[in-house]
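Participant: One structure coming up, written as structure tokens, with questions to follow.
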Number of protein chains: 2
Amino acid sequence: MARARSEERRGDIVRAALEVIAERGYRGATLGSVAERVGLTQQGLLHYFPTKEALLVAVLQERDRWDTTGGRDREGWRLDLIESLVEYNAMRPGIVQTFSALLGESVTDGHPARAFFTERYTQVRENMAQVLRLEFGERLGGGLTPEQAAPLLTAVMDGLQYQWLLDPASVDMPAAFRDFVRLLTGGDTSGG
Amino acid sequence: MARARSEERRGDIVRAALEVIAERGYRGATLGSVAERVGLTQQGLLHYFPTKEALLVAVLQERDRWDTTGGRDREGWRLDLIESLVEYNAMRPGIVQTFSALLGESVTDGHPARAFFTERYTQVRENMAQVLRLEFGERLGGGLTPEQAAPLLTAVMDGLQYQWLLDPASVDMPAAFRDFVRLLTGGDTSGG
């Protein structure tokens, strides 16, 4: 019972953090502002999430769960859904900024989010390879296998996010991602 | 004369910072450790570079100058040289980590390195489009124009760096980048 209540409280905090991130971006999402939103003291919040990084990792995990329509269910992933996800991301810069900033930090030595991202990418590459194999079989454009294409698909999503966050007027992230999918699947060469 | 000496001193500091980054990574490259290396007090260093971010931007600019074999000379860029650059990067995780961490920070609101990266990407996309046009003409794989392919090439380089920094044993960055080039240029489908 106490555990259920504690889980519920954690969920409330994560949802409040998502709201604050959407409104104020990565820098604005301080532990203090999240605590205020959810009606806790900062000390009270630290009981559930001891650091800002721990809270942000929980937020990104929650986003991943939503975005993959049911978490572990790989059947739910399709390439056209991933295209839609990139379009959706273009409408929520706050969370994309948070993801990108935390990913950047995570590659530094001893960072608390490093394990989360390392495991996430192992999983994402596996999922992407499975999606590509189910839809396109063993060979994609350039003769690539699904396992060769998966890290590229993932890299393009992440790399475009940085270019788009820095210069949204110059970089049409969803269009660029569709270009990449066309390249990968050997689609129509005359299409717009 | 005073200006020349000041420029020389700045160059010394940037080189020292590159060394410290190579040895100790992004977090280890503190202003104090760089000052010590170059024989200045930290206060003395601040005269040349007022913040760690300003120093790191100068380091990345210097790296870009070296990597592009003469800076503005676009004739010097070729796709096979960019492949070599990715191989070279796989041997210098310290500077790649610094680039990736600072890029991550730069997308947050009001970050001092934001202008540097925004301008850099505008330039890099232009350079890449020019390289691709010179070597492959107006149409690449998937029917993409050089201007459509350039942000993807750039995104793959950056995105693969994050995956590789997090998990170097699982991600062969140079091989993955060559896969992408093969995809982009419609290369041999049976090649390894």
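All residue names refer to the structure tokens as shown: chains lettered A, B, ... in order, residues numbered from 1 in each chain, ligands numbered from 1 in order.
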At a cut-off of 6 Å, which residues of chain A touch chain B? Count only C-alpha atoms and give the answer as a PyMOL selection string.
Facilitator: chain A and resi 100-101+104-105+107+118+141-143+155-156+158-160+166+182-183+186-187+189-190
Participant: Could you write out the selected residues, including N, CA, C and O atoms, as a short mmCIF file (atom, residue, chain, number, x, y, z; two decimals), in the first residue's frame?
Facilitator:
data_model
loop_
_atom_site.label_atom_id
_atom_site.label_comp_id
_atom_site.auth_asym_id
_atom_site.auth_seq_id
_atom_site.Cartn_x
_atom_site.Cartn_y
_atom_site.Cartn_z
N SER A 100 18.28 15.80 -25.74
CA SER A 100 19.55 16.08 -26.43
C SER A 100 20.61 16.60 -25.47
O SER A 100 21.79 16.24 -25.58
N ALA A 101 20.20 17.45 -24.55
CA ALA A 101 21.17 18.00 -23.59
C ALA A 101 21.67 16.90 -22.65
O ALA A 101 22.87 16.80 -22.37
N GLY A 104 24.02 14.58 -24.39
CA GLY A 104 25.34 15.20 -24.49
C GLY A 104 26.14 15.06 -23.21
O GLY A 104 27.29 14.65 -23.22
N GLU A 105 25.49 15.35 -22.09
CA GLU A 105 26.18 15.22 -20.79
C GLU A 105 26.59 13.78 -20.51
O GLU A 105 27.62 13.51 -19.90
N VAL A 107 27.79 11.39 -22.10
CA VAL A 107 29.01 10.78 -22.64
C VAL A 107 30.25 11.20 -21.84
O VAL A 107 31.35 10.71 -22.10
N THR A 118 23.23 4.17 -22.55
CA THR A 118 23.91 3.02 -23.16
C THR A 118 22.92 1.88 -23.36
O THR A 118 22.84 1.29 -24.45
N GLY A 141 18.55 -0.53 -48.89
CA GLY A 141 19.35 0.25 -49.83
C GLY A 141 20.83 0.05 -49.56
O GLY A 141 21.24 -0.15 -48.42
N GLY A 142 21.63 0.11 -50.64
CA GLY A 142 23.07 -0.06 -50.50
C GLY A 142 23.48 -1.46 -50.07
O GLY A 142 24.64 -1.69 -49.73
N GLY A 143 22.52 -2.41 -50.08
CA GLY A 143 22.82 -3.77 -49.66
C GLY A 143 22.97 -3.93 -48.16
O GLY A 143 23.42 -4.97 -47.68
N ALA A 155 21.08 7.24 -35.53
CA ALA A 155 21.99 8.39 -35.58
C ALA A 155 21.35 9.56 -36.31
O ALA A 155 21.49 10.72 -35.89
N VAL A 156 20.63 9.28 -37.39
CA VAL A 156 19.99 10.36 -38.13
C VAL A 156 18.94 11.06 -37.27
O VAL A 156 18.87 12.30 -37.24
N ASP A 158 18.85 11.35 -34.00
CA ASP A 158 19.51 12.16 -32.97
C ASP A 158 20.23 13.36 -33.58
O ASP A 158 20.14 14.48 -33.08
N GLY A 159 20.97 13.11 -34.65
CA GLY A 159 21.76 14.19 -35.25
C GLY A 159 20.88 15.30 -35.80
O GLY A 159 21.20 16.48 -35.65
N LEU A 160 19.76 14.93 -36.42
CA LEU A 160 18.86 15.95 -36.95
C LEU A 160 18.26 16.79 -35.82
O LEU A 160 18.01 17.98 -35.99
N LEU A 166 19.10 23.83 -32.93
CA LEU A 166 19.96 25.00 -33.08
C LEU A 166 19.39 26.00 -34.09
O LEU A 166 19.61 27.20 -33.97
N ARG A 182 13.54 7.27 -47.30
CA ARG A 182 13.49 7.00 -48.74
C ARG A 182 14.82 6.40 -49.22
O ARG A 182 14.86 5.45 -50.00
N LEU A 183 15.88 6.99 -48.73
CA LEU A 183 17.22 6.51 -49.07
C LEU A 183 17.40 5.06 -48.61
O LEU A 183 17.91 4.20 -49.34
N GLY A 186 15.23 2.45 -50.47
CA GLY A 186 15.34 2.43 -51.93
C GLY A 186 14.07 2.89 -52.61
O GLY A 186 13.70 2.41 -53.68
N GLY A 187 13.40 3.89 -51.97
CA GLY A 187 12.12 4.38 -52.50
C GLY A 187 12.29 5.10 -53.83
O GLY A 187 13.39 5.25 -54.35
N THR A 189 12.86 7.44 -56.77
CA THR A 189 13.93 8.44 -56.89
C THR A 189 13.40 9.77 -57.40
O THR A 189 14.13 10.75 -57.39
N SER A 190 12.16 9.83 -57.84
CA SER A 190 11.66 11.10 -58.37
C SER A 190 10.74 11.80 -57.38
O SER A 190 10.36 12.93 -57.59
#
Participant: For CA of Val14 in chain B and CA of Gln42 in chain B, quote the distance in Å rounded to one decimal.
Facilitator: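 If I compute the distance from CA of Val14 in chain B to CA of Gln42 in chain B, I get 14.3 Å.
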Participant: Would you give me, as a ChimeraX atom specification, the residues in range 41-169 of chain A that DSSP reads as alpha helix (DSSP H)?
Facilitator: /A:42-48,52-67,79-89,93-106,114-136,146-166
